[in-house]
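Chemist: Contents of input_28.pdb (PDB, C-alpha atoms, pLDDT in the B column) are below:
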ATOM      1  CA  MET A   1       1.133 -14.063  -5.056  1.00 52.00           C
ATOM      2  CA  ALA A   2      -1.355 -12.271  -7.288  1.00 53.00           C
ATOM      3  CA  ILE A   3      -2.114  -8.573  -7.083  1.00 59.00           C
ATOM      4  CA  THR A   4      -5.628  -7.679  -8.155  1.00 59.00           C
ATOM      5  CA  TYR A   5      -6.997  -4.237  -8.874  1.00 62.00           C
ATOM      6  CA  TYR A   6     -10.038  -3.042 -10.732  1.00 64.00           C
ATOM      7  CA  TRP A   7      -9.763  -0.883 -13.852  1.00 67.00           C
ATOM      8  CA  GLY A   8     -11.594   1.950 -12.084  1.00 76.00           C
ATOM      9  CA  LEU A   9      -8.858   2.173  -9.438  1.00 79.00           C
ATOM     10  CA  ALA A  10      -6.284   3.540 -11.880  1.00 78.00           C
ATOM     11  CA  ARG A  11      -8.706   6.288 -12.891  1.00 80.00           C
ATOM     12  CA  LEU A  12      -9.514   7.200  -9.280  1.00 80.00           C
ATOM     13  CA  LEU A  13      -5.829   7.314  -8.411  1.00 83.00           C
ATOM     14  CA  ALA A  14      -5.090   9.548 -11.397  1.00 82.00           C
ATOM     15  CA  MET A  15      -7.799  11.971 -10.240  1.00 82.00           C
ATOM     16  CA  SER A  16      -6.062  12.221  -6.861  1.00 81.00           C
ATOM     17  CA  GLY A  17      -2.610  12.682  -8.413  1.00 86.00           C
ATOM     18  CA  ILE A  18      -1.264   9.190  -7.715  1.00 89.00           C
ATOM     19  CA  SER A  19       0.261   7.175 -10.513  1.00 87.00           C
ATOM     20  CA  PHE A  20      -0.835   3.560 -10.675  1.00 85.00           C
ATOM     21  CA  ASP A  21       2.727   2.810 -11.795  1.00 87.00           C
ATOM     22  CA  ASP A  22       3.932   3.987  -8.360  1.00 90.00           C
ATOM     23  CA  VAL A  23       1.514   1.560  -6.687  1.00 89.00           C
ATOM     24  CA  ALA A  24       2.602  -1.336  -8.899  1.00 87.00           C
ATOM     25  CA  ASP A  25       6.317  -0.526  -8.600  1.00 89.00           C
ATOM     26  CA  LEU A  26       6.072  -0.376  -4.803  1.00 91.00           C
ATOM     27  CA  LEU A  27       4.288  -3.724  -4.547  1.00 88.00           C
ATOM     28  CA  TYR A  28       6.442  -5.553  -7.068  1.00 88.00           C
ATOM     29  CA  ALA A  29       9.658  -4.232  -5.467  1.00 90.00           C
ATOM     30  CA  TRP A  30       8.372  -5.494  -2.100  1.00 90.00           C
ATOM     31  CA  LEU A  31       7.481  -8.903  -3.544  1.00 88.00           C
ATOM     32  CA  ARG A  32      10.982  -9.190  -5.028  1.00 91.00           C
ATOM     33  CA  GLY A  33      12.458  -8.383  -1.609  1.00 92.00           C
ATOM     34  CA  GLU A  34      13.900  -5.067  -2.776  1.00 92.00           C
ATOM     35  CA  ARG A  35      11.776  -2.809  -0.594  1.00 91.00           C
ATOM     36  CA  ARG A  36      10.193  -2.980   2.850  1.00 92.00           C
ATOM     37  CA  ILE A  37       6.536  -2.238   3.552  1.00 93.00           C
ATOM     38  CA  TRP A  38       5.061  -1.329   6.924  1.00 94.00           C
ATOM     39  CA  PHE A  39       1.847  -3.260   7.620  1.00 89.00           C
ATOM     40  CA  MET A  40      -0.848  -1.888   9.888  1.00 88.00           C
ATOM     41  CA  PRO A  41      -4.126  -3.708  10.487  1.00 84.00           C
ATOM     42  CA  ALA A  42      -7.325  -1.752   9.982  1.00 81.00           C
ATOM     43  CA  VAL A  43     -10.906  -2.649  10.889  1.00 79.00           C
ATOM     44  CA  ASP A  44     -14.104  -1.105   9.594  1.00 78.00           C
ATOM     45  CA  ASP A  45     -16.529  -1.505  12.485  1.00 82.00           C
ATOM     46  CA  THR A  46     -19.499  -0.776  10.215  1.00 86.00           C
ATOM     47  CA  THR A  47     -18.850  -3.506   7.658  1.00 82.00           C
ATOM     48  CA  GLY A  48     -16.593  -5.825   9.635  1.00 78.00           C
ATOM     49  CA  LEU A  49     -14.002  -5.725   6.842  1.00 77.00           C
ATOM     50  CA  LYS A  50     -10.408  -6.135   7.982  1.00 81.00           C
ATOM     51  CA  PRO A  51      -8.171  -4.540   5.369  1.00 86.00           C
ATOM     52  CA  SER A  52      -4.506  -3.756   5.877  1.00 88.00           C
ATOM     53  CA  VAL A  53      -2.741  -0.449   5.468  1.00 91.00           C
ATOM     54  CA  LEU A  54       0.625  -0.831   3.750  1.00 93.00           C
ATOM     55  CA  MET A  55       3.104   2.030   3.655  1.00 95.00           C
ATOM     56  CA  GLY A  56       6.288   2.160   1.647  1.00 95.00           C
ATOM     57  CA  ARG A  57       8.469   4.294  -0.568  1.00 94.00           C
ATOM     58  CA  THR A  58       8.030   4.586  -4.312  1.00 91.00           C
ATOM     59  CA  ASP A  59      10.955   4.481  -6.740  1.00 89.00           C
ATOM     60  CA  SER A  60      11.195   8.274  -6.404  1.00 90.00           C
ATOM     61  CA  GLY A  61      11.377   8.026  -2.595  1.00 92.00           C
ATOM     62  CA  ASP A  62       7.869   9.366  -1.936  1.00 92.00           C
ATOM     63  CA  ILE A  63       5.854   7.607   0.753  1.00 94.00           C
ATOM     64  CA  LEU A  64       2.671   5.939  -0.440  1.00 95.00           C
ATOM     65  CA  MET A  65      -0.095   4.434   1.675  1.00 94.00           C
ATOM     66  CA  LEU A  66      -2.145   1.537   0.280  1.00 92.00           C
ATOM     67  CA  LEU A  67      -5.382   0.089   1.574  1.00 88.00           C
ATOM     68  CA  ALA A  68      -5.571  -3.580   0.650  1.00 87.00           C
ATOM     69  CA  ARG A  69      -7.297  -6.804   1.500  1.00 83.00           C
ATOM     70  CA  ILE A  70      -4.889  -9.695   1.815  1.00 81.00           C
ATOM     71  CA  ASP A  71      -6.453 -13.096   1.266  1.00 80.00           C
ATOM     72  CA  ARG A  72      -3.994 -15.936   1.674  1.00 79.00           C
ATOM     73  CA  ARG A  73      -1.579 -15.431  -1.231  1.00 79.00           C
ATOM     74  CA  ASP A  74      -3.493 -12.641  -2.997  1.00 81.00           C
ATOM     75  CA  ILE A  75      -3.526  -8.882  -2.490  1.00 82.00           C
ATOM     76  CA  TYR A  76      -6.588  -6.853  -3.488  1.00 83.00           C
ATOM     77  CA  ILE A  77      -5.759  -3.150  -3.790  1.00 83.00           C
ATOM     78  CA  ILE A  78      -8.669  -1.012  -2.615  1.00 83.00           C
ATOM     79  CA  ASN A  79      -7.153   2.474  -2.588  1.00 85.00           C
ATOM     80  CA  ALA A  80      -3.920   4.447  -2.398  1.00 90.00           C
ATOM     81  CA  SER A  81      -3.187   7.866  -0.943  1.00 91.00           C
ATOM     82  CA  ARG A  82      -0.453  10.131   0.301  1.00 92.00           C
ATOM     83  CA  PRO A  83      -0.100   9.881   4.094  1.00 93.00           C
ATOM     84  CA  SER A  84      -0.634  12.809   6.446  1.00 93.00           C
ATOM     85  CA  SER A  85       2.429  14.500   7.923  1.00 93.00           C
ATOM     86  CA  GLU A  86       1.761  12.652  11.199  1.00 94.00           C
ATOM     87  CA  LEU A  87       1.793   9.280   9.418  1.00 92.00           C
ATOM     88  CA  VAL A  88       4.935  10.282   7.506  1.00 95.00           C
ATOM     89  CA  ALA A  89       6.660  10.917  10.848  1.00 96.00           C
ATOM     90  CA  ASP A  90       5.450   7.531  12.160  1.00 94.00           C
ATOM     91  CA  PHE A  91       6.653   5.788   9.006  1.00 95.00           C
ATOM     92  CA  GLU A  92      10.064   7.443   9.140  1.00 95.00           C
ATOM     93  CA  ALA A  93      10.397   6.439  12.799  1.00 95.00           C
ATOM     94  CA  TRP A  94       9.498   2.861  11.797  1.00 94.00           C
ATOM     95  CA  GLU A  95      12.144   2.977   9.050  1.00 93.00           C
ATOM     96  CA  ALA A  96      14.764   4.201  11.542  1.00 93.00           C
ATOM     97  CA  ARG A  97      13.925   1.413  14.014  1.00 92.00           C
ATOM     98  CA  ASN A  98      13.974  -1.275  11.305  1.00 85.00           C
ATOM     99  CA  ASP A  99      17.015  -0.197   9.344  1.00 74.00           C
TER     100      ASP A  99
END
The structure in this file should be written as structure tokens.
Modeler:
Amino acid sequence: MAITYYWGLARLLAMSGISFDDVADLLYAWLRGERRIWFMPAVDDTTGLKPSVLMGRTDSGDILMLLARIDRRDIYIINASRPSSELVADFEAWEARND
């Protein structure tokens, strides 16, 4: 499975205080089976795009939310952000149910 990102993404993430290393570590740990990720489908009614929201914990234990397009065996990272407190609560409930 290939993970694709564009050089501009790392710069945008840095401006919002997110390390691209956290994004990469989260995804690679998941691909190695070392970490779970919560998938949520998303749909942009305007464009018809159907990205996925992936939430998981970084190596430091922080929760990170990724917006990605998954195409067969490839993952295209579109954005990353810190989840709202409401989404953190939902994610932690998901973790508790799937422990």
Chemist: Find the residues around region 15-27 of chain A up to 10 Å (only C-alpha atoms counted), leave out those fewer than 2 positions away in its own chain, and share them as a VMD selection string.
Modeler: chain A and resid 3 9 to 13 29 to 37 54 to 60 62 to 66 75 77 79 to 82
Chemist: Take the selection from the previous step and output its residues with C-alpha atoms, as a short mmCIF file (atom, residue, chain, number, x, y, z; two decimals), in the coordinates of the input.
Modeler:
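The resulting file, part34.cif, is reproduced below:
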data_model
loop_
_atom_site.label_atom_id
_atom_site.label_comp_id
_atom_site.auth_asym_id
_atom_site.auth_seq_id
_atom_site.Cartn_x
_atom_site.Cartn_y
_atom_site.Cartn_z
CA ILE A 3 -2.11 -8.57 -7.08
CA LEU A 9 -8.86 2.17 -9.44
CA ALA A 10 -6.28 3.54 -11.88
CA ARG A 11 -8.71 6.29 -12.89
CA LEU A 12 -9.51 7.20 -9.28
CA LEU A 13 -5.83 7.31 -8.41
CA ALA A 29 9.66 -4.23 -5.47
CA TRP A 30 8.37 -5.49 -2.10
CA LEU A 31 7.48 -8.90 -3.54
CA ARG A 32 10.98 -9.19 -5.03
CA GLY A 33 12.46 -8.38 -1.61
CA GLU A 34 13.90 -5.07 -2.78
CA ARG A 35 11.78 -2.81 -0.59
CA ARG A 36 10.19 -2.98 2.85
CA ILE A 37 6.54 -2.24 3.55
CA LEU A 54 0.62 -0.83 3.75
CA MET A 55 3.10 2.03 3.66
CA GLY A 56 6.29 2.16 1.65
CA ARG A 57 8.47 4.29 -0.57
CA THR A 58 8.03 4.59 -4.31
CA ASP A 59 10.96 4.48 -6.74
CA SER A 60 11.20 8.27 -6.40
CA ASP A 62 7.87 9.37 -1.94
CA ILE A 63 5.85 7.61 0.75
CA LEU A 64 2.67 5.94 -0.44
CA MET A 65 -0.10 4.43 1.68
CA LEU A 66 -2.14 1.54 0.28
CA ILE A 75 -3.53 -8.88 -2.49
CA ILE A 77 -5.76 -3.15 -3.79
CA ASN A 79 -7.15 2.47 -2.59
CA ALA A 80 -3.92 4.45 -2.40
CA SER A 81 -3.19 7.87 -0.94
CA ARG A 82 -0.45 10.13 0.30
#
Chemist: Nearest to Gly61 (chain A) among A:Gly48, A:Tyr76, A:Glu92, A:Pro41, with distances taken over only C-alpha atoms: which residue is it?
Modeler: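 The shortest atom-to-atom distance to Gly61 (chain A) comes from A:Glu92.
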Chemist: CA of Glu86 (chain A) and CA of Lys50 (chain A) are how many Å apart?
Modeler: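 The value is 22.6 Å.
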Chemist: What is the distance between CA of Arg69 (chain A) and CA of Val43 (chain A), in Å to one decimal?
Modeler: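 Separation between CA of Arg69 (chain A) and CA of Val43 (chain A): 10.9 Å.
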Chemist: Kindly give the distance, in Å, that separates CA of Ala68 (chain A) and CA of Met40 (chain A), rounded to a single decimal.
Modeler: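 Between CA of Ala68 (chain A) and CA of Met40 (chain A) the gap is 10.5 Å.
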Chemist: Around all listed atoms of region 75-89 of chain A, padded 8 Å per side, what centre and edge lengths does the axis-aligned box have in Å to one decimal, as JSON?
Modeler:
{"center_x": -1.0, "center_y": 2.8, "center_z": 3.7, "size_x": 31.3, "size_y": 39.4, "size_z": 31.0}
Chemist: Looking at A:Ile70, A:Phe39, A:Thr47, A:Ile78, which one is nearest to Phe91 (chain A), with distances taken over all atoms listed in the file?
Modeler: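 The shortest atom-to-atom distance to Phe91 (chain A) comes from A:Phe39.
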Chemist: For region 75-87 of chain A, supply N, CA and C atoms and format the output as a PDB file, in the frame of the given file.
Modeler:
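Now in out_28.pdb:
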ATOM      1  N   ILE A  75      -3.368 -10.237  -3.010  1.00 82.00           N
ATOM      2  CA  ILE A  75      -3.526  -8.882  -2.490  1.00 82.00           C
ATOM      3  C   ILE A  75      -4.528  -8.164  -3.378  1.00 82.00           C
ATOM      4  N   TYR A  76      -5.578  -7.616  -2.768  1.00 83.00           N
ATOM      5  CA  TYR A  76      -6.588  -6.853  -3.488  1.00 83.00           C
ATOM      6  C   TYR A  76      -6.425  -5.383  -3.107  1.00 83.00           C
ATOM      7  N   ILE A  77      -5.973  -4.566  -4.049  1.00 83.00           N
ATOM      8  CA  ILE A  77      -5.759  -3.150  -3.790  1.00 83.00           C
ATOM      9  C   ILE A  77      -7.103  -2.434  -3.821  1.00 83.00           C
ATOM     10  N   ILE A  78      -7.407  -1.731  -2.735  1.00 83.00           N
ATOM     11  CA  ILE A  78      -8.669  -1.012  -2.615  1.00 83.00           C
ATOM     12  C   ILE A  78      -8.477   0.468  -2.914  1.00 83.00           C
ATOM     13  N   ASN A  79      -7.396   1.046  -2.408  1.00 85.00           N
ATOM     14  CA  ASN A  79      -7.153   2.474  -2.588  1.00 85.00           C
ATOM     15  C   ASN A  79      -5.686   2.775  -2.304  1.00 85.00           C
ATOM     16  N   ALA A  80      -5.265   3.955  -2.702  1.00 90.00           N
ATOM     17  CA  ALA A  80      -3.920   4.447  -2.398  1.00 90.00           C
ATOM     18  C   ALA A  80      -4.024   5.940  -2.136  1.00 90.00           C
ATOM     19  N   SER A  81      -3.173   6.437  -1.256  1.00 91.00           N
ATOM     20  CA  SER A  81      -3.187   7.866  -0.943  1.00 91.00           C
ATOM     21  C   SER A  81      -1.826   8.283  -0.413  1.00 91.00           C
ATOM     22  N   ARG A  82      -1.651   9.573  -0.331  1.00 92.00           N
ATOM     23  CA  ARG A  82      -0.453  10.131   0.301  1.00 92.00           C
ATOM     24  C   ARG A  82      -0.752  10.235   1.790  1.00 92.00           C
ATOM     25  N   PRO A  83       0.163   9.828   2.651  1.00 93.00           N
ATOM     26  CA  PRO A  83      -0.100   9.881   4.094  1.00 93.00           C
ATOM     27  C   PRO A  83      -0.030  11.310   4.629  1.00 93.00           C
ATOM     28  N   SER A  84      -0.693  11.518   5.756  1.00 93.00           N
ATOM     29  CA  SER A  84      -0.634  12.809   6.446  1.00 93.00           C
ATOM     30  C   SER A  84       0.772  13.005   6.996  1.00 93.00           C
ATOM     31  N   SER A  85       1.098  14.226   7.380  1.00 93.00           N
ATOM     32  CA  SER A  85       2.429  14.500   7.923  1.00 93.00           C
ATOM     33  C   SER A  85       2.675  13.697   9.200  1.00 93.00           C
ATOM     34  N   GLU A  86       1.624  13.458   9.984  1.00 94.00           N
ATOM     35  CA  GLU A  86       1.761  12.652  11.199  1.00 94.00           C
ATOM     36  C   GLU A  86       2.132  11.209  10.853  1.00 94.00           C
ATOM     37  N   LEU A  87       1.473  10.652   9.830  1.00 92.00           N
ATOM     38  CA  LEU A  87       1.793   9.280   9.418  1.00 92.00           C
ATOM     39  C   LEU A  87       3.174   9.196   8.780  1.00 92.00           C
TER      40      LEU A  87
END
